[in-house]
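Chemist: This is the structure, below, for whatever I ask next.
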Amino acid sequence: MTIRLKEAADWQAIYAIYVAAFGQSAEADLVQSMHKDGDLLLSLIAYNDLPAGHIACSHLRLIEAPSIKACVLAPLAVVPSFQKQGIGAELVRHSLERLRGDGYDLAVVLGEPHYYGRFGFDPKLAEKLKTPYDGPYLQALALSDNGKGAHGPVSYARAFAELN
Ligand SMILES: CC(C)(COP(=O)(O)OP(=O)(O)OC[C@H]1O[C@@H](n2cnc3c(N)ncnc32)[C@H](O)[C@@H]1OP(=O)(O)O)[C@@H](O)C(=O)NCCC(=O)NCCS
C-alpha cells in the first residue's frame with residue numbers, strides 16, 4: 001500500500017471513496033465543500049493499486065484559547081472491500097505525524113472510541129471543549145503540552161454546519 005497526498009485529479013476518486021464507505025453522499029459533499037472553501041489543511045488518499053481510502057483535516061478554532069493550534073480529523077473513509085487491512089489506521093497515523101510536524105497542538109475526532117482510542121484519542125480531553133458534537137463519540141488528542149490545555153467553545157470549518 002502507498003499513501004500519497006491528494007492531487008486535484010483525485011477528486012472524483014475521493015468522492016467515490018466516501019459514497020462507497022458511508023453508502024450516502026453527505027460525507028462526500030462535506031469533503032468537497034471543505035475543499036471548495038479552502039478549509040482542507042490536509043487531504044490524504046490511500047492507494048492499494050486502486051483508490052482505497054481518504055482522510056480530511058480542517059482547522060478548528062478554539063475561541064477562548066486561540067494560541068492552541070487545533071484541527072478536526074474528519075471525515076475518514078475506507079472503501080468496504082479494502083477495510084480491516086490497516087488502511088484507516090495508516091491514514092490516521094500518517095495524518096497525526098504530519099500535523100505534529102506542522103506544529104499542531106490538538107486533534108479532534110468524532111467516532112467510535114474503540115477505533116480512535118488506539119491512536120490515543122480520549123473523550124475526557126474532549127469534555128473540556130464545547131462543540132456541536134459533545135458526547136461520548138467526541139474525542140481529542142494532545143499533540144503537544146500546549147494542547148492539554150484545550151478548553152471552551154470551538155468553531156468548525158463552515159461546511160460542517162451543512163451536515164445533518
Ligand atoms: C472506520 C473505517 C475508516 C476503518 O477503516 P479500516 O481501514 O477498516 O480500519 P483498520 O483496518 O485500520 O482497522 C479496522 C479493524 O481492522 C483490524 N485490522 C487492521 N489491519 C488488519 C489486518 N491486516 N488484518 C485483519 N484485521 C486488521 C483492526 O484491528 C481493526 O479491528 P477492530 O476495530 O475490530 O479492533 C472504515 O471502516 C470506514 O470507512 N467506515 C465507514 C465510514 C466511517 O464510519 N468513518 C469513520 C467516521 S468519520
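Identifiers for the C-alpha cells are assigned positionally: chains receive A, B, ... in sequence, residues are indexed from 1 per chain, and ligands are indexed from 1 in the order shown.
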Excluding Leu99 (chain A) and its own-chain neighbours fewer than 3 positions away, which residues fall within 12 Å of it when counting only C-alpha atoms? Please give them as a VMD selection string.
Modeler: chain A and resid 41 to 43 56 to 59 69 to 73 92 to 96 102 to 108 141 to 144
Chemist: Please save N, CA and C atoms of the selected residues as an mmCIF file, in the first residue's frame.
Modeler:
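Result file is again.cif:
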```
data_model
loop_
_atom_site.group_PDB
_atom_site.id
_atom_site.type_symbol
_atom_site.label_atom_id
_atom_site.label_comp_id
_atom_site.auth_asym_id
_atom_site.auth_seq_id
_atom_site.Cartn_x
_atom_site.Cartn_y
_atom_site.Cartn_z
ATOM 1 N N LEU A 41 -6.828 21.467 5.418
ATOM 2 C CA LEU A 41 -5.409 21.713 5.656
ATOM 3 C C LEU A 41 -4.593 20.460 5.377
ATOM 4 N N LEU A 42 -5.267 19.323 5.329
ATOM 5 C CA LEU A 42 -4.596 18.074 4.981
ATOM 6 C C LEU A 42 -5.628 17.162 4.322
ATOM 7 N N SER A 43 -5.239 16.527 3.233
ATOM 8 C CA SER A 43 -6.138 15.662 2.485
ATOM 9 C C SER A 43 -5.307 14.525 1.928
ATOM 10 N N ALA A 56 -9.620 13.572 5.725
ATOM 11 C CA ALA A 56 -9.617 15.029 5.573
ATOM 12 C C ALA A 56 -9.297 15.657 6.924
ATOM 13 N N CYS A 57 -8.682 16.806 6.875
ATOM 14 C CA CYS A 57 -8.372 17.508 8.110
ATOM 15 C C CYS A 57 -8.587 19.004 7.903
ATOM 16 N N SER A 58 -9.263 19.620 8.864
ATOM 17 C CA SER A 58 -9.554 21.054 8.745
ATOM 18 C C SER A 58 -9.228 21.754 10.065
ATOM 19 N N HIS A 59 -9.082 23.056 9.974
ATOM 20 C CA HIS A 59 -8.704 23.826 11.159
ATOM 21 C C HIS A 59 -9.882 23.940 12.126
ATOM 22 N N LYS A 69 -3.156 25.491 18.551
ATOM 23 C CA LYS A 69 -3.385 25.218 17.127
ATOM 24 C C LYS A 69 -4.100 23.866 17.024
ATOM 25 N N ALA A 70 -5.380 23.909 16.658
ATOM 26 C CA ALA A 70 -6.191 22.686 16.703
ATOM 27 C C ALA A 70 -6.783 22.358 15.338
ATOM 28 N N CYS A 71 -7.107 21.069 15.159
ATOM 29 C CA CYS A 71 -7.701 20.649 13.884
ATOM 30 C C CYS A 71 -8.686 19.515 14.119
ATOM 31 N N VAL A 72 -9.538 19.313 13.128
ATOM 32 C CA VAL A 72 -10.518 18.229 13.145
ATOM 33 C C VAL A 72 -10.065 17.189 12.132
ATOM 34 N N LEU A 73 -9.947 15.950 12.574
ATOM 35 C CA LEU A 73 -9.553 14.863 11.684
ATOM 36 C C LEU A 73 -10.836 14.168 11.238
ATOM 37 N N VAL A 92 -4.739 7.602 9.585
ATOM 38 C CA VAL A 92 -4.777 8.386 10.826
ATOM 39 C C VAL A 92 -3.357 8.641 11.318
ATOM 40 N N ARG A 93 -2.535 7.591 11.373
ATOM 41 C CA ARG A 93 -1.163 7.748 11.904
ATOM 42 C C ARG A 93 -0.342 8.716 11.046
ATOM 43 N N HIS A 94 -0.483 8.589 9.751
ATOM 44 C CA HIS A 94 0.250 9.455 8.828
ATOM 45 C C HIS A 94 -0.188 10.914 9.025
ATOM 46 N N SER A 95 -1.488 11.120 9.194
ATOM 47 C CA SER A 95 -2.008 12.480 9.402
ATOM 48 C C SER A 95 -1.463 13.070 10.699
ATOM 49 N N LEU A 96 -1.498 12.271 11.766
ATOM 50 C CA LEU A 96 -1.040 12.775 13.065
ATOM 51 C C LEU A 96 0.437 13.151 13.004
ATOM 52 N N ASP A 102 3.711 19.925 11.585
ATOM 53 C CA ASP A 102 3.243 21.263 11.215
ATOM 54 C C ASP A 102 2.927 22.114 12.449
ATOM 55 N N GLY A 103 3.250 21.599 13.635
ATOM 56 C CA GLY A 103 3.100 22.401 14.852
ATOM 57 C C GLY A 103 1.699 22.430 15.431
ATOM 58 N N TYR A 104 0.858 21.466 15.068
ATOM 59 C CA TYR A 104 -0.490 21.425 15.655
ATOM 60 C C TYR A 104 -0.414 20.911 17.086
ATOM 61 N N ASP A 105 -1.268 21.475 17.942
ATOM 62 C CA ASP A 105 -1.285 21.131 19.365
ATOM 63 C C ASP A 105 -2.374 20.131 19.721
ATOM 64 N N LEU A 106 -3.424 20.090 18.897
ATOM 65 C CA LEU A 106 -4.600 19.297 19.277
ATOM 66 C C LEU A 106 -5.308 18.768 18.029
ATOM 67 N N ALA A 107 -5.737 17.495 18.100
ATOM 68 C CA ALA A 107 -6.576 16.926 17.032
ATOM 69 C C ALA A 107 -7.866 16.429 17.665
ATOM 70 N N VAL A 108 -8.979 16.657 16.983
ATOM 71 C CA VAL A 108 -10.289 16.260 17.491
ATOM 72 C C VAL A 108 -10.947 15.339 16.466
ATOM 73 N N LEU A 141 -6.977 14.494 21.070
ATOM 74 C CA LEU A 141 -5.609 14.024 21.310
ATOM 75 C C LEU A 141 -4.696 15.245 21.352
ATOM 76 N N ALA A 142 -3.972 15.393 22.476
ATOM 77 C CA ALA A 142 -2.998 16.497 22.567
ATOM 78 C C ALA A 142 -1.757 16.096 21.775
ATOM 79 N N LEU A 143 -1.358 16.935 20.858
ATOM 80 C CA LEU A 143 -0.165 16.667 20.046
ATOM 81 C C LEU A 143 1.050 17.388 20.631
ATOM 82 N N SER A 144 0.797 18.208 21.655
ATOM 83 C CA SER A 144 1.874 18.923 22.351
ATOM 84 C C SER A 144 1.374 19.210 23.765
#
```
Chemist: Could you pull out the residues sitting within 6 Å of ligand 1, using only C-alpha atoms and all ligand atoms, and write them as a compact mmCIF listing (two decimals) with all heavy atoms, in the first residue's frame?
Modeler:
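Result file follows (result-v8.txt):
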```txt
# COMPACT_ATOMS: atom_id res chain seq x y z
N ALA A 21 -18.00 4.10 1.22
CA ALA A 21 -17.80 3.78 2.63
C ALA A 21 -19.04 4.09 3.47
O ALA A 21 -19.39 3.33 4.37
CB ALA A 21 -16.61 4.56 3.18
N PHE A 22 -19.72 5.20 3.18
CA PHE A 22 -20.85 5.62 4.00
C PHE A 22 -22.21 5.22 3.41
O PHE A 22 -23.22 5.32 4.08
CB PHE A 22 -20.82 7.14 4.22
CG PHE A 22 -19.78 7.59 5.23
CD1 PHE A 22 -18.51 7.94 4.82
CD2 PHE A 22 -20.07 7.64 6.58
CE1 PHE A 22 -17.54 8.36 5.73
CE2 PHE A 22 -19.12 8.06 7.52
CZ PHE A 22 -17.85 8.41 7.09
N ALA A 74 -11.42 14.62 10.14
CA ALA A 74 -12.69 14.05 9.69
C ALA A 74 -13.11 14.67 8.36
O ALA A 74 -12.80 15.83 8.12
CB ALA A 74 -13.78 14.32 10.72
N PRO A 75 -13.85 13.92 7.56
CA PRO A 75 -14.13 12.50 7.79
C PRO A 75 -12.99 11.59 7.34
O PRO A 75 -12.03 12.04 6.72
CB PRO A 75 -15.40 12.26 6.95
CG PRO A 75 -15.39 13.32 5.90
CD PRO A 75 -14.61 14.47 6.44
N LEU A 76 -13.16 10.31 7.69
CA LEU A 76 -12.22 9.25 7.30
C LEU A 76 -13.05 8.16 6.66
O LEU A 76 -14.11 7.82 7.16
CB LEU A 76 -11.53 8.72 8.57
CG LEU A 76 -10.83 7.36 8.48
CD1 LEU A 76 -9.59 7.43 7.58
CD2 LEU A 76 -10.42 6.87 9.88
N ALA A 77 -12.58 7.63 5.56
CA ALA A 77 -13.34 6.57 4.89
C ALA A 77 -12.39 5.60 4.19
O ALA A 77 -11.40 6.01 3.61
CB ALA A 77 -14.30 7.17 3.86
N VAL A 78 -12.75 4.33 4.29
CA VAL A 78 -12.04 3.28 3.54
C VAL A 78 -13.11 2.49 2.78
O VAL A 78 -14.14 2.10 3.36
CB VAL A 78 -11.22 2.36 4.48
CG1 VAL A 78 -10.61 1.20 3.71
CG2 VAL A 78 -10.12 3.16 5.18
N GLN A 83 -11.44 -2.58 3.67
CA GLN A 83 -11.46 -2.37 5.12
C GLN A 83 -10.79 -3.54 5.86
O GLN A 83 -10.63 -4.62 5.32
CB GLN A 83 -12.91 -2.18 5.60
CG GLN A 83 -13.48 -0.83 5.17
CD GLN A 83 -14.93 -0.62 5.57
OE1 GLN A 83 -15.54 -1.45 6.23
NE2 GLN A 83 -15.50 0.51 5.15
N LYS A 84 -10.43 -3.26 7.11
CA LYS A 84 -9.80 -4.25 8.01
C LYS A 84 -8.46 -4.75 7.49
O LYS A 84 -8.08 -5.90 7.65
CB LYS A 84 -10.75 -5.42 8.32
CG LYS A 84 -11.97 -4.98 9.13
CD LYS A 84 -12.69 -6.16 9.73
CE LYS A 84 -13.89 -5.73 10.55
NZ LYS A 84 -13.55 -5.11 11.82
N GLN A 85 -7.76 -3.86 6.80
CA GLN A 85 -6.41 -4.20 6.35
C GLN A 85 -5.40 -3.17 6.87
O GLN A 85 -4.27 -3.12 6.42
CB GLN A 85 -6.35 -4.21 4.82
CG GLN A 85 -7.24 -5.28 4.18
CD GLN A 85 -7.31 -5.15 2.67
OE1 GLN A 85 -6.34 -4.76 2.02
NE2 GLN A 85 -8.46 -5.46 2.12
N GLY A 86 -5.88 -2.31 7.77
CA GLY A 86 -4.98 -1.33 8.37
C GLY A 86 -4.87 -0.02 7.60
O GLY A 86 -4.07 0.84 7.96
N ILE A 87 -5.67 0.16 6.55
CA ILE A 87 -5.56 1.39 5.74
C ILE A 87 -6.06 2.60 6.53
O ILE A 87 -5.42 3.66 6.54
CB ILE A 87 -6.32 1.22 4.40
CG1 ILE A 87 -5.60 0.18 3.54
CG2 ILE A 87 -6.42 2.57 3.66
CD1 ILE A 87 -6.30 -0.17 2.24
N GLY A 88 -7.18 2.44 7.24
CA GLY A 88 -7.70 3.55 8.06
C GLY A 88 -6.66 3.96 9.10
O GLY A 88 -6.39 5.15 9.28
N ALA A 89 -6.08 2.97 9.76
CA ALA A 89 -5.08 3.27 10.79
C ALA A 89 -3.87 3.97 10.19
O ALA A 89 -3.32 4.91 10.78
CB ALA A 89 -4.65 1.97 11.48
N GLY A 111 -16.16 9.83 16.50
CA GLY A 111 -16.23 8.46 16.00
C GLY A 111 -16.20 7.47 17.15
O GLY A 111 -16.32 7.84 18.32
N TYR A 115 -12.33 2.50 18.11
CA TYR A 115 -11.42 2.65 16.97
C TYR A 115 -10.34 3.71 17.24
O TYR A 115 -9.15 3.46 17.07
CB TYR A 115 -12.20 3.00 15.70
CG TYR A 115 -11.29 2.98 14.47
CD1 TYR A 115 -10.81 1.77 13.98
CD2 TYR A 115 -10.88 4.15 13.85
CE1 TYR A 115 -9.95 1.73 12.90
CE2 TYR A 115 -10.02 4.11 12.77
CZ TYR A 115 -9.56 2.90 12.28
OH TYR A 115 -8.70 2.85 11.23
```
Chemist: Go through A:Lys148, A:Ile45, A:Val109, A:Ser81 and flag the residue nearest Pro136 (chain A), using only C-alpha atoms for the distances.
Modeler: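 Nearest to Pro136 (chain A): A:Val109.
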Chemist: Applying 12 Å and only C-alpha atoms, which residues near region 151-154 of chain A remain after dropping the ones on its own chain fewer than 6 positions away? List them as a list in words.
Modeler: His59, Leu60, Arg61, Leu62, Ile63, Glu64, Ala65, Pro66, Ser67, Ile68, Lys69, Ala70, Cys71, Val72, Leu106, Val108, Lys124, Leu125, Ala126, Glu127, Lys128, Leu129, Lys130, Thr131, Pro132, Tyr133, Asp134, Ala140 and Ala142 of chain A
Chemist: As a PyMOL selection string, which residues of chain A does DSSP assign to alpha helix (DSSP H)?
Modeler: chain A and resi 11-22+26-37+87-101+113-116+123-126
Chemist: Need the shell around Ala46 (chain A): protein/DNA/RNA residues with any atom at most 6 Å away, counting only C-alpha atoms. Skip same-chain ones fewer than 5 positions apart. Format as a PDB file with N, CA and C atoms, in the first residue's frame?
Modeler:
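Result written to result_25.pdb:
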```
ATOM      1  N   ILE A   3       0.592   5.537   0.447  1.00  0.00           N
ATOM      2  CA  ILE A   3      -0.267   6.678   0.770  1.00  0.00           C
ATOM      3  C   ILE A   3       0.403   7.900   0.196  1.00  0.00           C
ATOM      4  N   ALA A  52      -8.302   3.621  -2.257  1.00  0.00           N
ATOM      5  CA  ALA A  52      -8.836   2.764  -1.192  1.00  0.00           C
ATOM      6  C   ALA A  52      -9.366   3.540   0.005  1.00  0.00           C
ATOM      7  N   GLY A  53      -8.791   4.697   0.292  1.00  0.00           N
ATOM      8  CA  GLY A  53      -9.231   5.426   1.475  1.00  0.00           C
ATOM      9  C   GLY A  53      -8.811   6.885   1.428  1.00  0.00           C
TER      10      GLY A  53
END
```
Chemist: Which polymer residues have any atom within 7 Å of an atom of region 11-15 of chain A, counting only C-alpha atoms, with same-chain residues fewer than 5 positions away left out, as JSON, numbers by chain?
Modeler: {"A": [28, 51, 54]}
Chemist: CA of Lys36 (chain A) and CA of Ile17 (chain A), how far apart in Å?
Modeler: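 Separating CA of Ile17 (chain A) from CA of Lys36 (chain A) is a distance of 17.9 Å.
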Chemist: Find the distance between CA of Asp122 (chain A) and CA of Met34 (chain A) and write it in Å to one decimal.
Modeler: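 Atom-to-atom, CA of Asp122 (chain A) to CA of Met34 (chain A), that is 25.3 Å.
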Chemist: From a backbone DSSP assignment, name each residue in region 10-130 of chain A labelled strand (DSSP E or B), as number ranges by chain.
Modeler: A: 40-48, 50-62, 70-78, 106-110, 122, 129-130
Chemist: Emit the selected residues as a CSV table (one decimal), in the first residue's frame, including N, CA and C atoms.
Modeler:
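Output (result.csv):
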```csv
chain,number,residue,atom,x,y,z
A,40,LEU,N,-9.5,22.7,3.7
A,40,LEU,CA,-8.8,21.5,4.0
A,40,LEU,C,-7.3,21.8,4.2
A,41,LEU,N,-6.8,21.5,5.4
A,41,LEU,CA,-5.4,21.7,5.7
A,41,LEU,C,-4.6,20.5,5.4
A,42,LEU,N,-5.3,19.3,5.3
A,42,LEU,CA,-4.6,18.1,5.0
A,42,LEU,C,-5.6,17.2,4.3
A,43,SER,N,-5.2,16.5,3.2
A,43,SER,CA,-6.1,15.7,2.5
A,43,SER,C,-5.3,14.5,1.9
A,44,LEU,N,-5.4,13.4,2.6
A,44,LEU,CA,-4.5,12.2,2.2
A,44,LEU,C,-5.4,11.1,1.6
A,45,ILE,N,-4.9,10.6,0.5
A,45,ILE,CA,-5.6,9.5,-0.2
A,45,ILE,C,-4.7,8.3,-0.1
A,46,ALA,N,-5.3,7.1,0.2
A,46,ALA,CA,-4.5,5.8,0.2
A,46,ALA,C,-4.8,5.1,-1.0
A,47,TYR,N,-3.8,4.6,-1.7
A,47,TYR,CA,-4.0,3.7,-2.9
A,47,TYR,C,-3.5,2.3,-2.5
A,48,ASN,N,-4.3,1.4,-2.9
A,48,ASN,CA,-3.8,0.0,-2.9
A,48,ASN,C,-4.1,-0.5,-4.3
A,50,LEU,N,-5.8,0.5,-6.5
A,50,LEU,CA,-7.0,1.4,-6.7
A,50,LEU,C,-7.1,2.4,-5.5
A,51,PRO,N,-7.9,3.5,-5.7
A,51,PRO,CA,-8.1,4.4,-4.6
A,51,PRO,C,-8.8,3.6,-3.5
A,52,ALA,N,-8.3,3.6,-2.3
A,52,ALA,CA,-8.8,2.8,-1.2
A,52,ALA,C,-9.4,3.5,0.0
A,53,GLY,N,-8.8,4.7,0.3
A,53,GLY,CA,-9.2,5.4,1.5
A,53,GLY,C,-8.8,6.9,1.4
A,54,HIS,N,-9.5,7.7,2.3
A,54,HIS,CA,-9.1,9.1,2.3
A,54,HIS,C,-9.4,9.6,3.7
A,55,ILE,N,-8.6,10.6,4.1
A,55,ILE,CA,-8.8,11.3,5.4
A,55,ILE,C,-8.7,12.8,5.1
A,56,ALA,N,-9.6,13.6,5.7
A,56,ALA,CA,-9.6,15.0,5.6
A,56,ALA,C,-9.3,15.7,6.9
A,57,CYS,N,-8.7,16.8,6.9
A,57,CYS,CA,-8.4,17.5,8.1
A,57,CYS,C,-8.6,19.0,7.9
A,58,SER,N,-9.3,19.6,8.9
A,58,SER,CA,-9.6,21.1,8.7
A,58,SER,C,-9.2,21.8,10.1
A,59,HIS,N,-9.1,23.1,10.0
A,59,HIS,CA,-8.7,23.8,11.2
A,59,HIS,C,-9.9,23.9,12.1
A,60,LEU,N,-9.6,23.9,13.4
A,60,LEU,CA,-10.6,24.1,14.5
A,60,LEU,C,-10.1,25.3,15.3
A,61,ARG,N,-11.0,26.3,15.4
A,61,ARG,CA,-10.6,27.5,16.2
A,61,ARG,C,-11.1,27.3,17.6
A,62,LEU,N,-10.2,27.4,18.6
A,62,LEU,CA,-10.6,27.4,20.0
A,62,LEU,C,-10.7,28.9,20.4
A,70,ALA,N,-5.4,23.9,16.7
A,70,ALA,CA,-6.2,22.7,16.7
A,70,ALA,C,-6.8,22.4,15.3
A,71,CYS,N,-7.1,21.1,15.2
A,71,CYS,CA,-7.7,20.6,13.9
A,71,CYS,C,-8.7,19.5,14.1
A,72,VAL,N,-9.5,19.3,13.1
A,72,VAL,CA,-10.5,18.2,13.1
A,72,VAL,C,-10.1,17.2,12.1
A,73,LEU,N,-9.9,15.9,12.6
A,73,LEU,CA,-9.6,14.9,11.7
A,73,LEU,C,-10.8,14.2,11.2
A,74,ALA,N,-11.4,14.6,10.1
A,74,ALA,CA,-12.7,14.1,9.7
A,74,ALA,C,-13.1,14.7,8.4
A,75,PRO,N,-13.8,13.9,7.6
A,75,PRO,CA,-14.1,12.5,7.8
A,75,PRO,C,-13.0,11.6,7.3
A,76,LEU,N,-13.2,10.3,7.7
A,76,LEU,CA,-12.2,9.3,7.3
A,76,LEU,C,-13.0,8.2,6.7
A,77,ALA,N,-12.6,7.6,5.6
A,77,ALA,CA,-13.3,6.6,4.9
A,77,ALA,C,-12.4,5.6,4.2
A,78,VAL,N,-12.8,4.3,4.3
A,78,VAL,CA,-12.0,3.3,3.5
A,78,VAL,C,-13.1,2.5,2.8
A,106,LEU,N,-3.4,20.1,18.9
A,106,LEU,CA,-4.6,19.3,19.3
A,106,LEU,C,-5.3,18.8,18.0
A,107,ALA,N,-5.7,17.5,18.1
A,107,ALA,CA,-6.6,16.9,17.0
A,107,ALA,C,-7.9,16.4,17.7
A,108,VAL,N,-9.0,16.7,17.0
A,108,VAL,CA,-10.3,16.3,17.5
A,108,VAL,C,-10.9,15.3,16.5
A,109,VAL,N,-11.6,14.3,17.0
A,109,VAL,CA,-12.4,13.4,16.1
A,109,VAL,C,-13.7,13.1,16.6
A,110,LEU,N,-14.6,12.7,15.8
A,110,LEU,CA,-16.0,12.2,16.2
A,110,LEU,C,-16.1,10.8,15.6
A,122,ASP,N,-9.0,10.6,23.3
A,122,ASP,CA,-9.5,10.4,24.6
A,122,ASP,C,-10.8,11.3,24.8
A,129,LEU,N,-14.1,20.8,25.9
A,129,LEU,CA,-14.5,21.6,24.8
A,129,LEU,C,-16.0,21.7,24.7
A,130,LYS,N,-16.4,22.8,24.1
A,130,LYS,CA,-17.9,23.0,23.9
A,130,LYS,C,-18.1,23.0,22.4
```
Chemist: Please report the interatomic distance between CA of Glu27 (chain A) and CA of Gly120 (chain A) in Å with one decimal.
Modeler: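 CA of Glu27 (chain A) sits 24.2 Å away from CA of Gly120 (chain A).
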